[in-house]
Amino acid sequence: RKGINRLSSGSKAFDELMGGGLESQSIIEFFGEFGSGKTQICFQLAVNATRPVEEGGLNGDVFIIDTENTFRPERIVQMAVALDLDPEEVLKKIHVARAFNSHHQMLLVEKANELAHEMNVKLLIVDSLTAHFRAEYVGRGSLAERQQNLNKHMHDLLRFADLHNAVIAVTNQVSSKPDAFFGDPTRPIGGHIVGHAATYRLYLRKSKGGKRIARLIDSPNLPEAEAVITVSEEGVRD
Ligand code: ADP
Ligand code: MG
């Protein structure tokens with residue numbers, strides 16, 4: 001495809017797993033248990049996206065839709081300092097919006113679309129993609145509506161990716177206890193709706209000593225494989 005940009009994760013091994021970085025015009029889904037490192041990876045991607053293309057960045061602005069109130073500017077500062085960047089300059093390029101419910105979350109993508117025409121948004125993060133949907137649509141009777149809205153949300157995100165040649169990174173928590181609908185604990189919520197719309201799916205799990213294992217599950221062009229990454233104060237590295 002034409003004009004694809006590639007965003008570095010901070011880890012060479014992970015970038016290689018992804019065929020040379022995270023592709024623009026695509027949705028990359030990170031799923032894993034609480035504490036597996038999904039949000040930390042999002043922070044690192046946000047910092048990296050502000051960097052020049054020669055440094056593995058996208059030379060762009062970043063939108064973060066934060067649904068769980070887990071955005072921490074001080075983590076952005078730590079990661080920026082570790083790369084010898086001016087933290088204030090980096091923070092200026094990262095625009096964060098809290099989403100209070102799934103409806104608001106969907107509206108924020110529309111809003112981002114409007115704003116992106118005036119800004120140079122090259123990365124859009126939704127962390128977490130599914131938490132509000134999971135909390136709001138409870139009971140078997142609401143499953144169809146949940147899936148329908150999630151489906152629309154994913155398509156809005158894909159459209160954003162295409163329109164702005166942006167990378168879309170979303171997170172999805174898998175619970176360690178069985179869900180009412182999805183008995184299998186390793187299955188991310190949203191099931192095939194999210195799975196089909198995401199271009200790349202990565203399963204994250206904790207390993208020893210701050211290490212995380214990222215497994216590429218679904219990709220249109222790459223084999224299923226794993227990479228080991230480290231999450232430390234400096235951020236994401238090999
Ligand atoms: P989730 O997958 O639930 O979003 P997070 O991305 O929030 O998980 O990961 C939390 C983990 O990240 C912590 O348990 C810790 O291992 C690591 N972490 C967070 N902040 C720091 C830090 N300042 N220094 C080192 N590791 C950190
Ligand atoms: Mg998180």
# chains A, B, ... in the order shown; residues from 1 in each chain; ligands from 1
call {"tool": "select_by_dssp", "arguments": {"residues": "segment 35-209 of chain A", "states": "alpha helix (DSSP H)", "output": "number ranges by chain"}}
result
A: 38-49, 73-82, 87-92, 102-116, 131-136, 143-163, 191-197
call {"tool": "select_by_dssp", "arguments": {"residues": "segment 66-237 of chain A", "states": "strand (DSSP E or B)", "output": "short mmCIF file (atom, residue, chain, number, x, y, z; two decimals) with all heavy atoms, in the first residue's frame"}}
result
data_model
loop_
_atom_site.label_atom_id
_atom_site.label_comp_id
_atom_site.auth_asym_id
_atom_site.auth_seq_id
_atom_site.Cartn_x
_atom_site.Cartn_y
_atom_site.Cartn_z
N ASP A 66 -8.70 8.13 26.73
CA ASP A 66 -8.40 7.43 27.98
C ASP A 66 -9.72 7.07 28.66
O ASP A 66 -10.46 7.96 29.07
CB ASP A 66 -7.57 8.38 28.86
CG ASP A 66 -7.25 7.81 30.24
OD1 ASP A 66 -7.40 6.59 30.43
OD2 ASP A 66 -6.86 8.60 31.13
N ILE A 94 0.84 15.64 22.74
CA ILE A 94 -0.01 14.51 23.14
C ILE A 94 -1.30 15.06 23.75
O ILE A 94 -1.29 15.71 24.80
CB ILE A 94 0.73 13.59 24.12
CG1 ILE A 94 2.01 13.05 23.46
CG2 ILE A 94 -0.17 12.44 24.58
CD1 ILE A 94 2.88 12.19 24.38
N HIS A 95 -2.41 14.81 23.06
CA HIS A 95 -3.69 15.38 23.47
C HIS A 95 -4.56 14.27 24.06
O HIS A 95 -4.86 13.29 23.37
CB HIS A 95 -4.37 16.02 22.27
CG HIS A 95 -3.45 16.90 21.47
ND1 HIS A 95 -3.21 18.21 21.79
CD2 HIS A 95 -2.64 16.62 20.41
CE1 HIS A 95 -2.32 18.72 20.95
NE2 HIS A 95 -1.96 17.77 20.09
N VAL A 96 -4.93 14.44 25.30
CA VAL A 96 -5.64 13.37 26.00
C VAL A 96 -7.08 13.78 26.29
O VAL A 96 -7.32 14.89 26.76
CB VAL A 96 -4.94 13.03 27.34
CG1 VAL A 96 -5.59 11.83 27.99
CG2 VAL A 96 -3.46 12.79 27.12
N ALA A 97 -8.01 12.89 26.02
CA ALA A 97 -9.42 13.11 26.38
C ALA A 97 -9.92 11.93 27.18
O ALA A 97 -9.71 10.78 26.80
CB ALA A 97 -10.25 13.29 25.12
N ARG A 98 -10.56 12.23 28.28
CA ARG A 98 -11.22 11.18 29.07
C ARG A 98 -12.54 10.83 28.41
O ARG A 98 -13.29 11.73 28.04
CB ARG A 98 -11.57 11.75 30.45
CG ARG A 98 -10.66 11.49 31.63
CD ARG A 98 -10.29 10.11 31.91
NE ARG A 98 -11.34 9.24 32.43
CZ ARG A 98 -11.87 9.34 33.63
NH1 ARG A 98 -11.53 10.29 34.46
NH2 ARG A 98 -12.78 8.47 34.02
N VAL A 121 -2.16 14.73 13.24
CA VAL A 121 -2.31 13.56 14.10
C VAL A 121 -1.90 12.30 13.37
O VAL A 121 -2.47 11.95 12.34
CB VAL A 121 -3.76 13.41 14.60
CG1 VAL A 121 -3.89 12.20 15.49
CG2 VAL A 121 -4.18 14.66 15.35
N LYS A 122 -0.89 11.62 13.89
CA LYS A 122 -0.37 10.43 13.24
C LYS A 122 -0.57 9.16 14.08
O LYS A 122 -0.28 8.06 13.62
CB LYS A 122 1.13 10.61 12.93
CG LYS A 122 1.38 11.63 11.83
CD LYS A 122 0.91 11.10 10.48
CE LYS A 122 0.78 12.17 9.43
NZ LYS A 122 -0.47 12.07 8.68
N LEU A 123 -1.04 9.36 15.30
CA LEU A 123 -1.29 8.20 16.17
C LEU A 123 -2.53 8.48 17.01
O LEU A 123 -2.64 9.54 17.64
CB LEU A 123 -0.08 7.95 17.09
CG LEU A 123 -0.27 6.91 18.21
CD1 LEU A 123 -0.49 5.51 17.64
CD2 LEU A 123 0.93 6.92 19.16
N LEU A 124 -3.45 7.53 16.99
CA LEU A 124 -4.65 7.61 17.84
C LEU A 124 -4.67 6.36 18.72
O LEU A 124 -4.57 5.24 18.22
CB LEU A 124 -5.91 7.68 16.98
CG LEU A 124 -7.26 7.57 17.68
CD1 LEU A 124 -7.49 8.70 18.67
CD2 LEU A 124 -8.40 7.55 16.67
N ILE A 125 -4.77 6.61 20.03
CA ILE A 125 -4.75 5.51 21.00
C ILE A 125 -6.12 5.44 21.69
O ILE A 125 -6.65 6.47 22.11
CB ILE A 125 -3.63 5.74 22.04
CG1 ILE A 125 -2.25 5.58 21.39
CG2 ILE A 125 -3.79 4.80 23.24
CD1 ILE A 125 -1.10 6.07 22.25
N VAL A 126 -6.66 4.25 21.82
CA VAL A 126 -7.86 4.07 22.65
C VAL A 126 -7.51 3.04 23.72
O VAL A 126 -7.33 1.86 23.45
CB VAL A 126 -9.08 3.58 21.84
CG1 VAL A 126 -10.34 3.59 22.72
CG2 VAL A 126 -9.32 4.46 20.61
N ASP A 127 -7.38 3.55 24.95
CA ASP A 127 -6.94 2.71 26.08
C ASP A 127 -7.93 2.91 27.23
O ASP A 127 -7.91 3.94 27.87
CB ASP A 127 -5.53 3.13 26.51
CG ASP A 127 -4.98 2.27 27.63
OD1 ASP A 127 -5.47 1.16 27.85
OD2 ASP A 127 -4.02 2.73 28.30
N VAL A 167 -1.57 5.63 12.64
CA VAL A 167 -1.54 4.35 13.35
C VAL A 167 -2.63 4.40 14.42
O VAL A 167 -2.77 5.40 15.11
CB VAL A 167 -0.17 4.15 14.04
CG1 VAL A 167 -0.17 2.89 14.89
CG2 VAL A 167 0.96 4.11 13.02
N ILE A 168 -3.39 3.34 14.55
CA ILE A 168 -4.39 3.24 15.62
C ILE A 168 -3.94 2.12 16.56
O ILE A 168 -3.77 0.97 16.13
CB ILE A 168 -5.80 2.88 15.09
CG1 ILE A 168 -6.19 3.74 13.89
CG2 ILE A 168 -6.83 2.96 16.22
CD1 ILE A 168 -6.51 5.16 14.17
N ALA A 169 -3.75 2.46 17.83
CA ALA A 169 -3.41 1.43 18.82
C ALA A 169 -4.54 1.36 19.84
O ALA A 169 -4.95 2.38 20.39
CB ALA A 169 -2.10 1.78 19.51
N VAL A 170 -5.05 0.15 20.06
CA VAL A 170 -6.14 -0.02 21.03
C VAL A 170 -5.77 -1.13 22.01
O VAL A 170 -4.98 -2.02 21.69
CB VAL A 170 -7.49 -0.36 20.33
CG1 VAL A 170 -7.87 0.72 19.33
CG2 VAL A 170 -7.45 -1.72 19.65
N THR A 171 -6.33 -1.05 23.21
CA THR A 171 -6.06 -2.09 24.20
C THR A 171 -7.35 -2.79 24.58
O THR A 171 -8.43 -2.23 24.48
CB THR A 171 -5.42 -1.51 25.48
OG1 THR A 171 -6.40 -0.73 26.17
CG2 THR A 171 -4.20 -0.66 25.17
N ASN A 172 -7.19 -4.02 25.00
CA ASN A 172 -8.33 -4.86 25.32
C ASN A 172 -7.90 -5.79 26.46
O ASN A 172 -6.93 -6.53 26.31
CB ASN A 172 -8.71 -5.66 24.07
CG ASN A 172 -10.07 -6.32 24.16
OD1 ASN A 172 -10.72 -6.29 25.21
ND2 ASN A 172 -10.47 -6.93 23.07
N GLN A 173 -8.60 -5.69 27.57
CA GLN A 173 -8.20 -6.52 28.71
C GLN A 173 -8.88 -7.87 28.67
O GLN A 173 -10.07 -7.97 28.41
CB GLN A 173 -8.53 -5.82 30.03
CG GLN A 173 -7.91 -6.53 31.23
CD GLN A 173 -8.17 -5.80 32.53
OE1 GLN A 173 -8.07 -4.59 32.59
NE2 GLN A 173 -8.51 -6.54 33.57
N TYR A 200 -3.83 -6.00 13.22
CA TYR A 200 -2.85 -6.83 13.94
C TYR A 200 -3.34 -7.01 15.37
O TYR A 200 -3.77 -6.06 16.00
CB TYR A 200 -1.48 -6.15 13.98
CG TYR A 200 -0.88 -5.91 12.62
CD1 TYR A 200 -1.08 -4.70 11.95
CD2 TYR A 200 -0.10 -6.89 12.01
CE1 TYR A 200 -0.53 -4.48 10.69
CE2 TYR A 200 0.46 -6.68 10.76
CZ TYR A 200 0.24 -5.48 10.11
OH TYR A 200 0.78 -5.26 8.86
N ARG A 201 -3.25 -8.24 15.89
CA ARG A 201 -3.60 -8.50 17.29
C ARG A 201 -2.37 -9.03 18.00
O ARG A 201 -1.72 -9.97 17.52
CB ARG A 201 -4.68 -9.58 17.42
CG ARG A 201 -5.86 -9.42 16.55
CD ARG A 201 -6.99 -10.33 17.03
NE ARG A 201 -7.81 -9.62 18.00
CZ ARG A 201 -8.85 -10.16 18.62
NH1 ARG A 201 -9.16 -11.43 18.43
NH2 ARG A 201 -9.56 -9.44 19.46
N LEU A 202 -2.11 -8.46 19.16
CA LEU A 202 -0.96 -8.89 19.95
C LEU A 202 -1.39 -9.29 21.34
O LEU A 202 -2.10 -8.53 22.01
CB LEU A 202 0.05 -7.75 20.03
CG LEU A 202 0.72 -7.49 18.69
CD1 LEU A 202 0.87 -6.02 18.44
CD2 LEU A 202 2.06 -8.21 18.63
N TYR A 203 -0.99 -10.45 21.75
CA TYR A 203 -1.29 -10.93 23.09
C TYR A 203 -0.08 -10.70 23.98
O TYR A 203 1.03 -11.15 23.67
CB TYR A 203 -1.64 -12.42 23.04
CG TYR A 203 -1.90 -13.03 24.40
CD1 TYR A 203 -2.84 -12.48 25.26
CD2 TYR A 203 -1.20 -14.15 24.82
CE1 TYR A 203 -3.08 -13.03 26.52
CE2 TYR A 203 -1.43 -14.72 26.07
CZ TYR A 203 -2.37 -14.15 26.92
OH TYR A 203 -2.59 -14.69 28.15
N LEU A 204 -0.27 -9.95 25.07
CA LEU A 204 0.82 -9.62 25.98
C LEU A 204 0.71 -10.44 27.25
O LEU A 204 -0.37 -10.58 27.81
CB LEU A 204 0.76 -8.15 26.39
CG LEU A 204 1.07 -7.11 25.34
CD1 LEU A 204 0.77 -5.73 25.90
CD2 LEU A 204 2.53 -7.21 24.92
N ARG A 205 1.85 -10.97 27.69
CA ARG A 205 1.85 -11.62 29.00
C ARG A 205 3.14 -11.34 29.74
O ARG A 205 4.17 -11.07 29.13
CB ARG A 205 1.58 -13.11 28.88
CG ARG A 205 2.62 -13.90 28.12
CD ARG A 205 2.14 -15.35 27.96
NE ARG A 205 3.25 -16.24 27.63
CZ ARG A 205 3.70 -16.45 26.39
NH1 ARG A 205 3.13 -15.84 25.37
NH2 ARG A 205 4.71 -17.26 26.17
N LYS A 206 3.02 -11.37 31.05
CA LYS A 206 4.17 -11.07 31.91
C LYS A 206 5.14 -12.23 31.89
O LYS A 206 4.76 -13.39 31.86
CB LYS A 206 3.69 -10.87 33.35
CG LYS A 206 3.30 -9.46 33.68
CD LYS A 206 3.06 -9.36 35.18
CE LYS A 206 2.74 -7.94 35.58
NZ LYS A 206 2.34 -7.85 36.98
N LYS A 211 10.08 -8.34 32.21
CA LYS A 211 9.95 -8.68 30.80
C LYS A 211 8.50 -9.01 30.45
O LYS A 211 7.73 -9.46 31.30
CB LYS A 211 10.85 -9.86 30.45
CG LYS A 211 12.34 -9.53 30.61
CD LYS A 211 13.17 -10.31 29.62
CE LYS A 211 14.66 -10.04 29.76
NZ LYS A 211 15.02 -8.64 29.51
N ARG A 212 8.18 -8.76 29.20
CA ARG A 212 6.85 -9.07 28.70
C ARG A 212 7.02 -9.84 27.38
O ARG A 212 7.94 -9.55 26.62
CB ARG A 212 6.05 -7.80 28.40
CG ARG A 212 5.91 -6.84 29.56
CD ARG A 212 4.92 -7.39 30.58
NE ARG A 212 4.49 -6.43 31.57
CZ ARG A 212 5.18 -6.09 32.65
NH1 ARG A 212 6.37 -6.60 32.87
NH2 ARG A 212 4.69 -5.24 33.51
N ILE A 213 6.12 -10.75 27.15
CA ILE A 213 6.16 -11.47 25.88
C ILE A 213 4.97 -11.01 25.03
O ILE A 213 3.82 -11.03 25.50
CB ILE A 213 6.11 -13.00 26.10
CG1 ILE A 213 7.34 -13.43 26.91
CG2 ILE A 213 6.07 -13.74 24.75
CD1 ILE A 213 7.23 -14.79 27.52
N ALA A 214 5.27 -10.56 23.83
CA ALA A 214 4.23 -10.14 22.90
C ALA A 214 4.12 -11.19 21.81
O ALA A 214 5.10 -11.54 21.17
CB ALA A 214 4.59 -8.79 22.28
N ARG A 215 2.92 -11.71 21.64
CA ARG A 215 2.68 -12.72 20.62
C ARG A 215 1.77 -12.15 19.54
O ARG A 215 0.65 -11.71 19.82
CB ARG A 215 2.04 -13.96 21.26
CG ARG A 215 1.75 -15.05 20.26
CD ARG A 215 1.40 -16.38 20.91
NE ARG A 215 1.42 -17.42 19.90
CZ ARG A 215 2.52 -18.07 19.50
NH1 ARG A 215 3.67 -17.80 20.07
NH2 ARG A 215 2.46 -18.97 18.56
N LEU A 216 2.27 -12.14 18.33
CA LEU A 216 1.46 -11.68 17.20
C LEU A 216 0.51 -12.79 16.81
O LEU A 216 0.92 -13.88 16.42
CB LEU A 216 2.37 -11.30 16.02
CG LEU A 216 1.67 -10.75 14.78
CD1 LEU A 216 0.94 -9.45 15.06
CD2 LEU A 216 2.68 -10.56 13.65
N ILE A 217 -0.80 -12.53 16.95
CA ILE A 217 -1.80 -13.57 16.76
C ILE A 217 -2.38 -13.55 15.34
O ILE A 217 -2.46 -14.55 14.67
CB ILE A 217 -2.97 -13.40 17.76
CG1 ILE A 217 -2.46 -13.37 19.20
CG2 ILE A 217 -4.04 -14.45 17.54
CD1 ILE A 217 -2.22 -14.72 19.82
N ASP A 218 -2.80 -12.35 14.93
CA ASP A 218 -3.51 -12.24 13.67
C ASP A 218 -2.85 -11.18 12.84
O ASP A 218 -2.74 -10.05 13.25
CB ASP A 218 -4.94 -11.77 13.94
CG ASP A 218 -5.93 -12.88 13.73
OD1 ASP A 218 -5.51 -13.97 13.32
OD2 ASP A 218 -7.11 -12.66 13.99
N ALA A 225 4.23 -15.21 15.73
CA ALA A 225 5.55 -15.28 16.35
C ALA A 225 5.56 -14.44 17.61
O ALA A 225 4.59 -13.73 17.88
CB ALA A 225 6.62 -14.79 15.38
N GLU A 226 6.65 -14.52 18.36
CA GLU A 226 6.73 -13.80 19.63
C GLU A 226 7.97 -12.92 19.70
O GLU A 226 8.97 -13.19 19.04
CB GLU A 226 6.79 -14.79 20.80
CG GLU A 226 5.49 -15.54 21.00
CD GLU A 226 5.50 -16.41 22.25
OE1 GLU A 226 6.58 -16.72 22.79
OE2 GLU A 226 4.40 -16.79 22.67
N ALA A 227 7.89 -11.88 20.53
CA ALA A 227 9.05 -11.04 20.83
C ALA A 227 9.05 -10.77 22.33
O ALA A 227 7.99 -10.65 22.95
CB ALA A 227 8.97 -9.72 20.07
N VAL A 228 10.25 -10.69 22.90
CA VAL A 228 10.37 -10.36 24.32
C VAL A 228 10.74 -8.88 24.44
O VAL A 228 11.66 -8.42 23.77
CB VAL A 228 11.44 -11.23 25.00
CG1 VAL A 228 11.57 -10.87 26.47
CG2 VAL A 228 11.11 -12.71 24.84
N ILE A 229 9.99 -8.16 25.26
CA ILE A 229 10.29 -6.75 25.47
C ILE A 229 10.47 -6.50 26.97
O ILE A 229 10.08 -7.32 27.80
CB ILE A 229 9.19 -5.82 24.91
CG1 ILE A 229 7.84 -6.07 25.61
CG2 ILE A 229 9.04 -5.98 23.42
CD1 ILE A 229 6.75 -5.10 25.19
N THR A 230 11.08 -5.36 27.29
CA THR A 230 11.26 -4.97 28.69
C THR A 230 10.51 -3.68 28.95
O THR A 230 10.57 -2.77 28.13
CB THR A 230 12.76 -4.74 28.99
OG1 THR A 230 13.49 -5.88 28.54
CG2 THR A 230 13.00 -4.55 30.47
N VAL A 231 9.82 -3.61 30.08
CA VAL A 231 9.20 -2.36 30.50
C VAL A 231 9.91 -1.90 31.76
O VAL A 231 9.93 -2.62 32.77
CB VAL A 231 7.69 -2.54 30.79
CG1 VAL A 231 7.08 -1.24 31.30
CG2 VAL A 231 6.95 -3.02 29.55
N SER A 232 10.56 -0.75 31.68
CA SER A 232 11.27 -0.21 32.84
C SER A 232 10.92 1.26 32.99
O SER A 232 10.09 1.78 32.24
CB SER A 232 12.77 -0.38 32.65
OG SER A 232 13.21 0.52 31.65
N GLY A 235 11.01 3.11 29.88
CA GLY A 235 9.98 2.78 28.91
C GLY A 235 10.17 1.41 28.31
O GLY A 235 10.69 0.51 28.97
N VAL A 236 9.76 1.27 27.04
CA VAL A 236 9.81 -0.03 26.37
C VAL A 236 11.13 -0.16 25.60
O VAL A 236 11.51 0.73 24.85
CB VAL A 236 8.61 -0.17 25.39
CG1 VAL A 236 8.71 -1.48 24.61
CG2 VAL A 236 7.29 -0.09 26.15
N ARG A 237 11.80 -1.28 25.84
CA ARG A 237 13.08 -1.56 25.16
C ARG A 237 13.15 -3.06 24.86
O ARG A 237 12.29 -3.83 25.28
CB ARG A 237 14.27 -1.19 26.07
CG ARG A 237 14.37 0.28 26.45
CD ARG A 237 14.78 1.16 25.27
NE ARG A 237 15.02 2.53 25.70
CZ ARG A 237 14.06 3.46 25.88
NH1 ARG A 237 12.80 3.14 25.66
NH2 ARG A 237 14.38 4.68 26.27
#
call {"tool": "residues_near_ligand", "arguments": {"ligand": "ligand 1", "cutoff": "7 Å", "atoms": "only C-alpha atoms and all ligand atoms", "output": "list of chain:residue names"}}
result
A:Gly32, A:Glu33, A:Phe34, A:Gly35, A:Ser36, A:Gly37, A:Lys38, A:Thr39, A:Gln40, A:Ile41, A:Arg75, A:Gly210, A:Val231, A:Ser232, A:Glu233
call {"tool": "write_last_selection", "arguments": {"atoms": "N, CA, C and O atoms", "output": "tab-separated table (two decimals), in the first residue's frame"}}
result
chain	number	residue	atom	x	y	z
A	32	GLY	N	-4.41	-8.41	26.83
A	32	GLY	CA	-3.70	-9.11	27.89
A	32	GLY	C	-4.33	-8.78	29.23
A	32	GLY	O	-5.20	-7.91	29.31
A	33	GLU	N	-3.88	-9.48	30.25
A	33	GLU	CA	-4.43	-9.28	31.59
A	33	GLU	C	-4.02	-7.92	32.14
A	33	GLU	O	-3.11	-7.28	31.63
A	34	PHE	N	-4.68	-7.54	33.24
A	34	PHE	CA	-4.33	-6.35	33.98
A	34	PHE	C	-2.84	-6.40	34.34
A	34	PHE	O	-2.36	-7.43	34.80
A	35	GLY	N	-2.12	-5.33	34.09
A	35	GLY	CA	-0.71	-5.26	34.44
A	35	GLY	C	0.23	-5.88	33.42
A	35	GLY	O	1.44	-5.96	33.64
A	36	SER	N	-0.30	-6.29	32.28
A	36	SER	CA	0.56	-6.94	31.28
A	36	SER	C	1.40	-5.93	30.49
A	36	SER	O	2.30	-6.33	29.74
A	37	GLY	N	1.09	-4.64	30.63
A	37	GLY	CA	1.93	-3.62	29.99
A	37	GLY	C	1.28	-2.88	28.84
A	37	GLY	O	1.94	-2.11	28.14
A	38	LYS	N	-0.01	-3.05	28.66
A	38	LYS	CA	-0.72	-2.43	27.55
A	38	LYS	C	-0.60	-0.89	27.59
A	38	LYS	O	-0.29	-0.26	26.59
A	39	THR	N	-0.86	-0.34	28.76
A	39	THR	CA	-0.84	1.12	28.89
A	39	THR	C	0.58	1.67	28.75
A	39	THR	O	0.79	2.71	28.12
A	40	GLN	N	1.55	0.95	29.29
A	40	GLN	CA	2.95	1.39	29.17
A	40	GLN	C	3.37	1.44	27.71
A	40	GLN	O	4.07	2.37	27.28
A	41	ILE	N	2.98	0.45	26.94
A	41	ILE	CA	3.30	0.44	25.51
A	41	ILE	C	2.65	1.64	24.82
A	41	ILE	O	3.28	2.31	23.99
A	75	ARG	N	4.72	9.75	33.49
A	75	ARG	CA	5.35	8.62	32.77
A	75	ARG	C	5.84	9.07	31.39
A	75	ARG	O	6.90	8.63	30.93
A	210	GLY	N	10.42	-7.95	34.87
A	210	GLY	CA	9.94	-6.80	34.08
A	210	GLY	C	9.80	-7.10	32.60
A	210	GLY	O	9.48	-6.21	31.81
A	231	VAL	N	9.82	-3.61	30.08
A	231	VAL	CA	9.20	-2.36	30.50
A	231	VAL	C	9.91	-1.90	31.76
A	231	VAL	O	9.93	-2.62	32.77
A	232	SER	N	10.56	-0.75	31.68
A	232	SER	CA	11.27	-0.21	32.84
A	232	SER	C	10.92	1.26	32.99
A	232	SER	O	10.09	1.78	32.24
A	233	GLU	N	11.60	1.92	33.92
A	233	GLU	CA	11.36	3.35	34.11
A	233	GLU	C	11.56	4.13	32.82
A	233	GLU	O	10.83	5.08	32.53
call {"tool": "closest_residue", "arguments": {"among": "A:Ser26, A:Glu16, A:Phe31, A:Leu150", "to": "ligand 2", "atoms": "only C-alpha atoms and all ligand atoms"}}
result
A:Phe31
call {"tool": "closest_residue", "arguments": {"among": "A:Asp238, A:Val62, A:Arg72, A:Leu115", "to": "ligand 2", "atoms": "only C-alpha atoms and all ligand atoms"}}
result
A:Arg72
call {"tool": "closest_residue", "arguments": {"among": "A:Phe30, A:His196, A:Leu91, A:Pro223", "to": "Val174 of chain A", "atoms": "only C-alpha atoms"}}
result
A:Phe30
call {"tool": "closest_residue", "arguments": {"among": "A:Val77, A:Ser128, A:Asn113, A:Arg134", "to": "Ile65 of chain A", "atoms": "only C-alpha atoms"}}
result
A:Ser128
call {"tool": "closest_residue", "arguments": {"among": "A:Ile4, A:Leu129, A:Ile28, A:Cys42", "to": "Ala198 of chain A", "atoms": "only C-alpha atoms"}}
result
A:Ile28
call {"tool": "atom_distance", "arguments": {"atom1": "atom CA of Gly56 of chain A", "atom2": "atom CA of Glu88 of chain A"}}
result
19.9 Å
call {"tool": "residues_around", "arguments": {"residues": "Leu85 of chain A", "least_positions_apart": "3", "cutoff": "12 Å", "atoms": "only C-alpha atoms", "output": "JSON, numbers by chain"}}
result
{"A": [47, 48, 50, 51, 52, 55, 76, 77, 78, 79, 80, 81, 82, 88, 89, 90, 91]}
